[in-house]
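The structure under discussion appears below in the form of structure tokens.
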Amino acid sequence: NPESIDPKPQIMHYPEKCIGCGLCEEGCFSGAKVVCGKEMTAEEIFAEILQDKSNYGDNGGATFSGGEPLMYPKILKELIKLCKNNGISTAIETSLYLFDPEILSSVDFVMADFKIWDNKKHKQYTGVNNDIIKENFKRLDALGTPFIVRTPIIPTVNDSIEEIVKIRDFLKDFKNIVDYELLPYHSL
């Protein structure tokens, strides 16, 4: 989600909606420019979570995703505590580029990406080295929190059998891994 990378609110532009009124600075009345994102307190976010509580059933709960939710450890810790205190199960979706043992051991479930095995290729396509991600998978397993690993299969990037086998072989001895998912690629 490109709009979830920058932590600050962004202006999204939809040129097909522009009516050429020239009033962009005063505020866009046609919806061609829209503010995406807003700052909220943990209590405000939790109020949103509570609105859906009746839909969680026995196996549902709140999943913190993004962007990268571990970029916001303070508010995330508050939200997890609010959820736990109100009987709401918690999960997190993360790249595991960042690691916070307090957060990752307090959620009920972790969904983590393992995009590309080759370090050079990982840096080329994601902008970061994956040595720390590999190390963080080991650290996550040691915490005892159940987790699944997801690899989005991207044509010409990581869609070879060899690539997937290397990731699988790395993961196969972890004790707390529940599943390894290969996700189909889409360009959205």
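Residue numbering restarts at 1 for every chain of the structure tokens, chains are lettered A, B, ... in their displayed order, and ligands are numbered from 1 as they appear.
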Compile a residue-level contact table for region 7-98 of chain A against region 108-125 of chain A at a cut-off of 10 Å, reporting for every qualifying residue the shortest atom pair and its distance in Å to one decimal, with only C-alpha atoms counted, rows ordered by chain and ascending number, as JSON lines.
{"residue": "A:Gly61", "atom": "CA", "partner": "A:Asp108", "partner_atom": "CA", "distance": 9.6}
{"residue": "A:Thr63", "atom": "CA", "partner": "A:Phe109", "partner_atom": "CA", "distance": 8.9}
{"residue": "A:Phe64", "atom": "CA", "partner": "A:Val110", "partner_atom": "CA", "distance": 9.6}
{"residue": "A:Ser65", "atom": "CA", "partner": "A:Met111", "partner_atom": "CA", "distance": 9.3}
{"residue": "A:Ile80", "atom": "CA", "partner": "A:Asp108", "partner_atom": "CA", "distance": 9.9}
{"residue": "A:Lys84", "atom": "CA", "partner": "A:Asp108", "partner_atom": "CA", "distance": 9.7}
{"residue": "A:Ile88", "atom": "CA", "partner": "A:Asp108", "partner_atom": "CA", "distance": 9.9}
{"residue": "A:Ser89", "atom": "CA", "partner": "A:Asp108", "partner_atom": "CA", "distance": 6.4}
{"residue": "A:Thr90", "atom": "CA", "partner": "A:Asp108", "partner_atom": "CA", "distance": 5.4}
{"residue": "A:Ala91", "atom": "CA", "partner": "A:Phe109", "partner_atom": "CA", "distance": 4.6}
{"residue": "A:Ile92", "atom": "CA", "partner": "A:Val110", "partner_atom": "CA", "distance": 5.0}
{"residue": "A:Glu93", "atom": "CA", "partner": "A:Met111", "partner_atom": "CA", "distance": 4.6}
{"residue": "A:Thr94", "atom": "CA", "partner": "A:Ala112", "partner_atom": "CA", "distance": 4.9}
{"residue": "A:Ser95", "atom": "CA", "partner": "A:Asp113", "partner_atom": "CA", "distance": 5.0}
{"residue": "A:Leu96", "atom": "CA", "partner": "A:Ala112", "partner_atom": "CA", "distance": 6.4}
{"residue": "A:Tyr97", "atom": "CA", "partner": "A:Asp113", "partner_atom": "CA", "distance": 9.5}
Give me a file of those residues, with all heavy atoms, as a CSV table (one decimal), in the first residue's frame.
chain,number,residue,atom,x,y,z
A,61,GLY,N,-10.5,-11.1,15.8
A,61,GLY,CA,-9.9,-10.1,16.7
A,61,GLY,C,-9.4,-9.0,15.9
A,61,GLY,O,-9.7,-8.7,14.8
A,63,THR,N,-6.3,-7.1,14.0
A,63,THR,CA,-5.0,-7.4,13.3
A,63,THR,C,-4.4,-6.0,13.0
A,63,THR,O,-5.0,-5.2,12.4
A,63,THR,CB,-5.2,-8.2,12.0
A,63,THR,OG1,-5.7,-9.5,12.3
A,63,THR,CG2,-3.8,-8.4,11.3
A,64,PHE,N,-3.2,-5.8,13.5
A,64,PHE,CA,-2.5,-4.6,13.2
A,64,PHE,C,-1.5,-4.8,12.0
A,64,PHE,O,-0.7,-5.6,12.0
A,64,PHE,CB,-1.7,-4.1,14.5
A,64,PHE,CG,-2.6,-4.0,15.7
A,64,PHE,CD1,-2.6,-5.0,16.7
A,64,PHE,CD2,-3.4,-2.9,15.8
A,64,PHE,CE1,-3.5,-4.9,17.8
A,64,PHE,CE2,-4.3,-2.8,16.9
A,64,PHE,CZ,-4.3,-3.8,17.9
A,65,SER,N,-1.8,-3.9,11.0
A,65,SER,CA,-1.0,-4.1,9.8
A,65,SER,C,-0.6,-2.7,9.3
A,65,SER,O,-0.7,-1.7,10.1
A,65,SER,CB,-1.8,-4.9,8.7
A,65,SER,OG,-3.0,-4.2,8.4
A,80,ILE,N,-2.7,-3.0,22.1
A,80,ILE,CA,-2.7,-4.4,22.5
A,80,ILE,C,-3.2,-4.6,23.9
A,80,ILE,O,-4.1,-5.5,24.1
A,80,ILE,CB,-1.3,-5.1,22.3
A,80,ILE,CG1,-0.9,-5.1,20.8
A,80,ILE,CG2,-1.2,-6.4,22.9
A,80,ILE,CD1,0.5,-5.4,20.5
A,84,LYS,N,-6.5,-6.7,24.9
A,84,LYS,CA,-6.4,-7.8,25.9
A,84,LYS,C,-7.3,-7.6,27.1
A,84,LYS,O,-8.0,-8.5,27.5
A,84,LYS,CB,-5.0,-8.0,26.4
A,84,LYS,CG,-4.0,-8.4,25.3
A,84,LYS,CD,-4.2,-9.8,24.9
A,84,LYS,CE,-3.2,-10.2,23.9
A,84,LYS,NZ,-3.4,-11.5,23.4
A,88,ILE,N,-10.3,-9.1,23.5
A,88,ILE,CA,-10.1,-9.1,22.0
A,88,ILE,C,-8.8,-9.7,21.7
A,88,ILE,O,-7.7,-9.2,22.1
A,88,ILE,CB,-10.3,-7.7,21.4
A,88,ILE,CG1,-11.7,-7.2,21.8
A,88,ILE,CG2,-10.0,-7.7,19.9
A,88,ILE,CD1,-11.9,-5.7,21.4
A,89,SER,N,-8.8,-10.8,20.9
A,89,SER,CA,-7.6,-11.4,20.4
A,89,SER,C,-6.8,-10.4,19.5
A,89,SER,O,-7.4,-9.6,18.8
A,89,SER,CB,-8.0,-12.7,19.6
A,89,SER,OG,-6.8,-13.3,19.1
A,90,THR,N,-5.5,-10.6,19.5
A,90,THR,CA,-4.7,-9.6,18.6
A,90,THR,C,-3.7,-10.4,17.8
A,90,THR,O,-3.2,-11.5,18.1
A,90,THR,CB,-3.8,-8.7,19.5
A,90,THR,OG1,-3.0,-9.5,20.4
A,90,THR,CG2,-4.8,-7.7,20.3
A,91,ALA,N,-3.4,-9.8,16.6
A,91,ALA,CA,-2.5,-10.3,15.6
A,91,ALA,C,-1.8,-9.1,15.0
A,91,ALA,O,-2.2,-8.0,15.1
A,91,ALA,CB,-3.1,-11.2,14.6
A,92,ILE,N,-0.6,-9.4,14.4
A,92,ILE,CA,0.2,-8.4,13.7
A,92,ILE,C,0.7,-8.9,12.4
A,92,ILE,O,1.1,-10.1,12.3
A,92,ILE,CB,1.3,-7.9,14.6
A,92,ILE,CG1,2.0,-6.7,14.0
A,92,ILE,CG2,2.3,-9.0,14.9
A,92,ILE,CD1,3.0,-5.9,15.0
A,93,GLU,N,0.6,-8.1,11.4
A,93,GLU,CA,1.2,-8.4,10.1
A,93,GLU,C,2.5,-7.5,10.0
A,93,GLU,O,2.4,-6.3,10.1
A,93,GLU,CB,0.3,-8.0,8.9
A,93,GLU,CG,-0.9,-9.0,8.8
A,93,GLU,CD,-1.7,-8.7,7.6
A,93,GLU,OE1,-1.4,-9.3,6.5
A,93,GLU,OE2,-2.7,-8.0,7.7
A,94,THR,N,3.6,-8.1,9.7
A,94,THR,CA,4.9,-7.4,9.8
A,94,THR,C,5.9,-7.9,8.7
A,94,THR,O,5.8,-9.1,8.3
A,94,THR,CB,5.5,-7.5,11.2
A,94,THR,OG1,6.8,-6.8,11.2
A,94,THR,CG2,5.7,-8.9,11.7
A,95,SER,N,6.8,-7.1,8.4
A,95,SER,CA,7.9,-7.6,7.5
A,95,SER,C,9.0,-8.2,8.3
A,95,SER,O,10.0,-8.8,7.8
A,95,SER,CB,8.5,-6.4,6.7
A,95,SER,OG,9.1,-5.5,7.6
A,96,LEU,N,9.0,-8.0,9.6
A,96,LEU,CA,10.0,-8.4,10.6
A,96,LEU,C,11.4,-7.7,10.3
A,96,LEU,O,12.4,-8.1,10.8
A,96,LEU,CB,10.3,-9.9,10.6
A,96,LEU,CG,9.3,-10.7,11.5
A,96,LEU,CD1,9.7,-12.2,11.6
A,96,LEU,CD2,9.3,-10.1,12.9
A,97,TYR,N,11.3,-6.6,9.6
A,97,TYR,CA,12.5,-5.8,9.5
A,97,TYR,C,12.8,-5.1,10.9
A,97,TYR,O,13.9,-4.9,11.2
A,97,TYR,CB,12.4,-4.7,8.4
A,97,TYR,CG,13.7,-3.9,8.2
A,97,TYR,CD1,14.8,-4.5,7.6
A,97,TYR,CD2,13.8,-2.6,8.6
A,97,TYR,CE1,16.0,-3.8,7.4
A,97,TYR,CE2,14.9,-1.9,8.4
A,97,TYR,CZ,16.0,-2.5,7.8
A,97,TYR,OH,17.2,-1.8,7.7
| field | Close residues, Phe46 (chain A) itself excluded, 12 Å, only C-alpha atoms, min 4 positions apart in chain, as a list in words | value |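 Skipping anything fewer than 4 positions along the chain leaves Met40, Thr41, Ala42, Leu50, Gln51, Asp52, Lys53, Gly61, Ala62, Thr63, Phe64, Ile75, Leu76, Lys77, Glu78, Leu79, Ile80, Lys81, Leu82, Cys83, Lys84, Asn85, Asn86 and Ile88 of chain A.
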| Using only C-alpha atoms: which of A:Lys8, A:Lys138, A:Lys175, A:Arg168 has the shortest distance to Lys38 (chain A) |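 The closest residue to Lys38 (chain A) is A:Lys8.
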| Among listed residues A:Phe99, A:Glu163, A:Thr156, A:Ile148, nearest Val178 (chain A) (using only C-alpha atoms) | A:Ile148
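Here CA of Ile11 (chain A) stands at a distance of 25.2 Å from CA of Ala47 (chain A).
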| said: Env of region 31-36 of chain A: 6 Å cut, atoms = only C-alpha atoms, seq-sep filter 6 positions within chain, self excluded. Answer as a PyMOL selection string. | reply: chain A and resi 9-15+17-18
Could the residues in this selection be saved with all heavy atoms as a tab-separated table (two decimals), in the first residue's frame?
chain	number	residue	atom	x	y	z
A	9	PRO	N	-0.02	12.03	7.21
A	9	PRO	CA	-1.12	12.09	6.23
A	9	PRO	C	-0.60	12.60	4.89
A	9	PRO	O	0.30	13.43	4.83
A	9	PRO	CB	-2.11	13.07	6.87
A	9	PRO	CG	-1.83	12.97	8.33
A	9	PRO	CD	-0.34	12.74	8.44
A	10	GLN	N	-1.18	12.09	3.82
A	10	GLN	CA	-0.76	12.45	2.47
A	10	GLN	C	-1.95	12.95	1.67
A	10	GLN	O	-3.09	12.62	1.97
A	10	GLN	CB	-0.17	11.23	1.77
A	10	GLN	CG	1.05	10.68	2.46
A	10	GLN	CD	1.46	9.35	1.83
A	10	GLN	OE1	1.74	9.28	0.65
A	10	GLN	NE2	1.46	8.30	2.63
A	11	ILE	N	-1.66	13.71	0.63
A	11	ILE	CA	-2.69	14.16	-0.29
A	11	ILE	C	-2.71	13.18	-1.46
A	11	ILE	O	-1.72	13.01	-2.18
A	11	ILE	CB	-2.42	15.59	-0.82
A	11	ILE	CG1	-2.30	16.59	0.35
A	11	ILE	CG2	-3.51	16.00	-1.80
A	11	ILE	CD1	-3.55	16.79	1.14
A	12	MET	N	-3.84	12.51	-1.63
A	12	MET	CA	-4.01	11.60	-2.76
A	12	MET	C	-4.63	12.42	-3.89
A	12	MET	O	-5.52	13.24	-3.66
A	12	MET	CB	-4.93	10.43	-2.38
A	12	MET	CG	-4.45	9.65	-1.17
A	12	MET	SD	-2.87	8.83	-1.41
A	12	MET	CE	-3.37	7.52	-2.48
A	13	HIS	N	-4.15	12.22	-5.11
A	13	HIS	CA	-4.63	12.99	-6.25
A	13	HIS	C	-5.29	12.07	-7.26
A	13	HIS	O	-4.72	11.07	-7.69
A	13	HIS	CB	-3.46	13.75	-6.90
A	13	HIS	CG	-3.89	14.66	-8.00
A	13	HIS	ND1	-3.35	14.61	-9.26
A	13	HIS	CD2	-4.83	15.64	-8.05
A	13	HIS	CE1	-3.92	15.51	-10.03
A	13	HIS	NE2	-4.82	16.14	-9.32
A	14	TYR	N	-6.53	12.41	-7.63
A	14	TYR	CA	-7.30	11.66	-8.61
A	14	TYR	C	-7.62	12.61	-9.77
A	14	TYR	O	-8.68	13.26	-9.78
A	14	TYR	CB	-8.58	11.12	-7.98
A	14	TYR	CG	-8.31	10.23	-6.79
A	14	TYR	CD1	-8.36	10.73	-5.49
A	14	TYR	CD2	-7.97	8.89	-6.97
A	14	TYR	CE1	-8.09	9.92	-4.39
A	14	TYR	CE2	-7.70	8.07	-5.88
A	14	TYR	CZ	-7.76	8.59	-4.60
A	14	TYR	OH	-7.50	7.78	-3.53
A	15	PRO	N	-6.70	12.74	-10.76
A	15	PRO	CA	-6.88	13.72	-11.83
A	15	PRO	C	-8.17	13.56	-12.63
A	15	PRO	O	-8.73	14.55	-13.12
A	15	PRO	CB	-5.65	13.53	-12.73
A	15	PRO	CG	-5.00	12.27	-12.28
A	15	PRO	CD	-5.51	11.94	-10.94
A	17	LYS	N	-11.02	13.16	-11.53
A	17	LYS	CA	-12.12	13.81	-10.83
A	17	LYS	C	-12.00	15.34	-10.86
A	17	LYS	O	-12.92	16.04	-10.44
A	17	LYS	CB	-12.16	13.36	-9.37
A	17	LYS	CG	-12.56	11.90	-9.21
A	17	LYS	CD	-12.66	11.55	-7.74
A	17	LYS	CE	-13.12	10.11	-7.55
A	17	LYS	NZ	-13.26	9.79	-6.13
A	18	CYS	N	-10.88	15.85	-11.35
A	18	CYS	CA	-10.64	17.30	-11.34
A	18	CYS	C	-11.60	17.99	-12.32
A	18	CYS	O	-11.73	17.59	-13.48
A	18	CYS	CB	-9.20	17.61	-11.72
A	18	CYS	SG	-8.84	19.38	-11.68
Any chance you could list, as a CSV table (one decimal) with N, CA, C and O atoms, in the first residue's frame, the residues in region 100-176 of chain A that come up strand (DSSP E) when DSSP is run on the backbone?
chain,number,residue,atom,x,y,z
A,109,PHE,N,-0.9,-13.8,17.7
A,109,PHE,CA,-0.5,-14.4,16.4
A,109,PHE,C,0.3,-13.4,15.6
A,109,PHE,O,0.0,-12.2,15.7
A,110,VAL,N,1.3,-13.9,14.8
A,110,VAL,CA,2.1,-13.0,13.9
A,110,VAL,C,2.0,-13.6,12.5
A,110,VAL,O,2.1,-14.8,12.3
A,111,MET,N,1.8,-12.7,11.6
A,111,MET,CA,1.9,-13.0,10.1
A,111,MET,C,3.1,-12.2,9.6
A,111,MET,O,3.1,-10.9,9.7
A,112,ALA,N,4.1,-12.9,9.1
A,112,ALA,CA,5.3,-12.2,8.7
A,112,ALA,C,5.6,-12.5,7.2
A,112,ALA,O,5.5,-13.7,6.8
A,113,ASP,N,6.1,-11.5,6.5
A,113,ASP,CA,6.5,-11.7,5.1
A,113,ASP,C,8.0,-12.2,5.1
A,113,ASP,O,8.8,-11.8,5.8
A,147,PHE,N,3.2,-18.3,14.5
A,147,PHE,CA,3.3,-17.4,13.4
A,147,PHE,C,3.1,-18.1,12.1
A,147,PHE,O,3.4,-19.3,12.0
A,148,ILE,N,2.7,-17.4,11.1
A,148,ILE,CA,2.7,-17.9,9.7
A,148,ILE,C,3.7,-17.0,8.9
A,148,ILE,O,3.9,-15.8,9.2
A,149,VAL,N,4.2,-17.6,7.8
A,149,VAL,CA,5.1,-16.8,6.9
A,149,VAL,C,4.4,-16.8,5.6
A,149,VAL,O,3.8,-17.8,5.1
A,150,ARG,N,4.5,-15.6,4.9
A,150,ARG,CA,3.9,-15.4,3.6
A,150,ARG,C,5.0,-14.9,2.6
A,150,ARG,O,5.7,-14.0,3.0
A,151,THR,N,4.9,-15.5,1.5
A,151,THR,CA,5.8,-15.1,0.4
A,151,THR,C,4.9,-14.7,-0.8
A,151,THR,O,4.2,-15.6,-1.4
A,152,PRO,N,4.9,-13.4,-1.2
A,152,PRO,CA,4.1,-13.0,-2.4
A,152,PRO,C,5.0,-13.5,-3.6
A,152,PRO,O,6.1,-13.1,-3.7
A,153,ILE,N,4.4,-14.3,-4.5
A,153,ILE,CA,5.1,-14.8,-5.6
A,153,ILE,C,5.1,-13.7,-6.7
A,153,ILE,O,4.0,-13.5,-7.3
| Secondary structure check, helix (DSSP H, G or I) residues of region 32-117 of chain A, as an MDAnalysis selection string | chainID A and resid 42:51 53:55 69:71 73:85 101:106
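Between CA of Ile154 (chain A) and CA of Tyr185 (chain A) there is a distance of 5.5 Å.
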| task | Return the single residue from A:Ile167, A:Gly87, A:Ser30, A:Gly37 that is closest to Gly66 (chain A), with distances computed using only C-alpha atoms. | result |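 Ranked by minimum distance to Gly66 (chain A), first place goes to A:Gly37.
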| Pairwise distance for CA of Phe137 (chain A) and CA of Ile103 (chain A), rounded to one decimal in Å | 14.4 Å
| query | Which of these residues is nearest to Pro146 (chain A), using only C-alpha atoms: A:Leu183, A:Leu104, A:Val165, A:Val128? | reply | A:Leu104
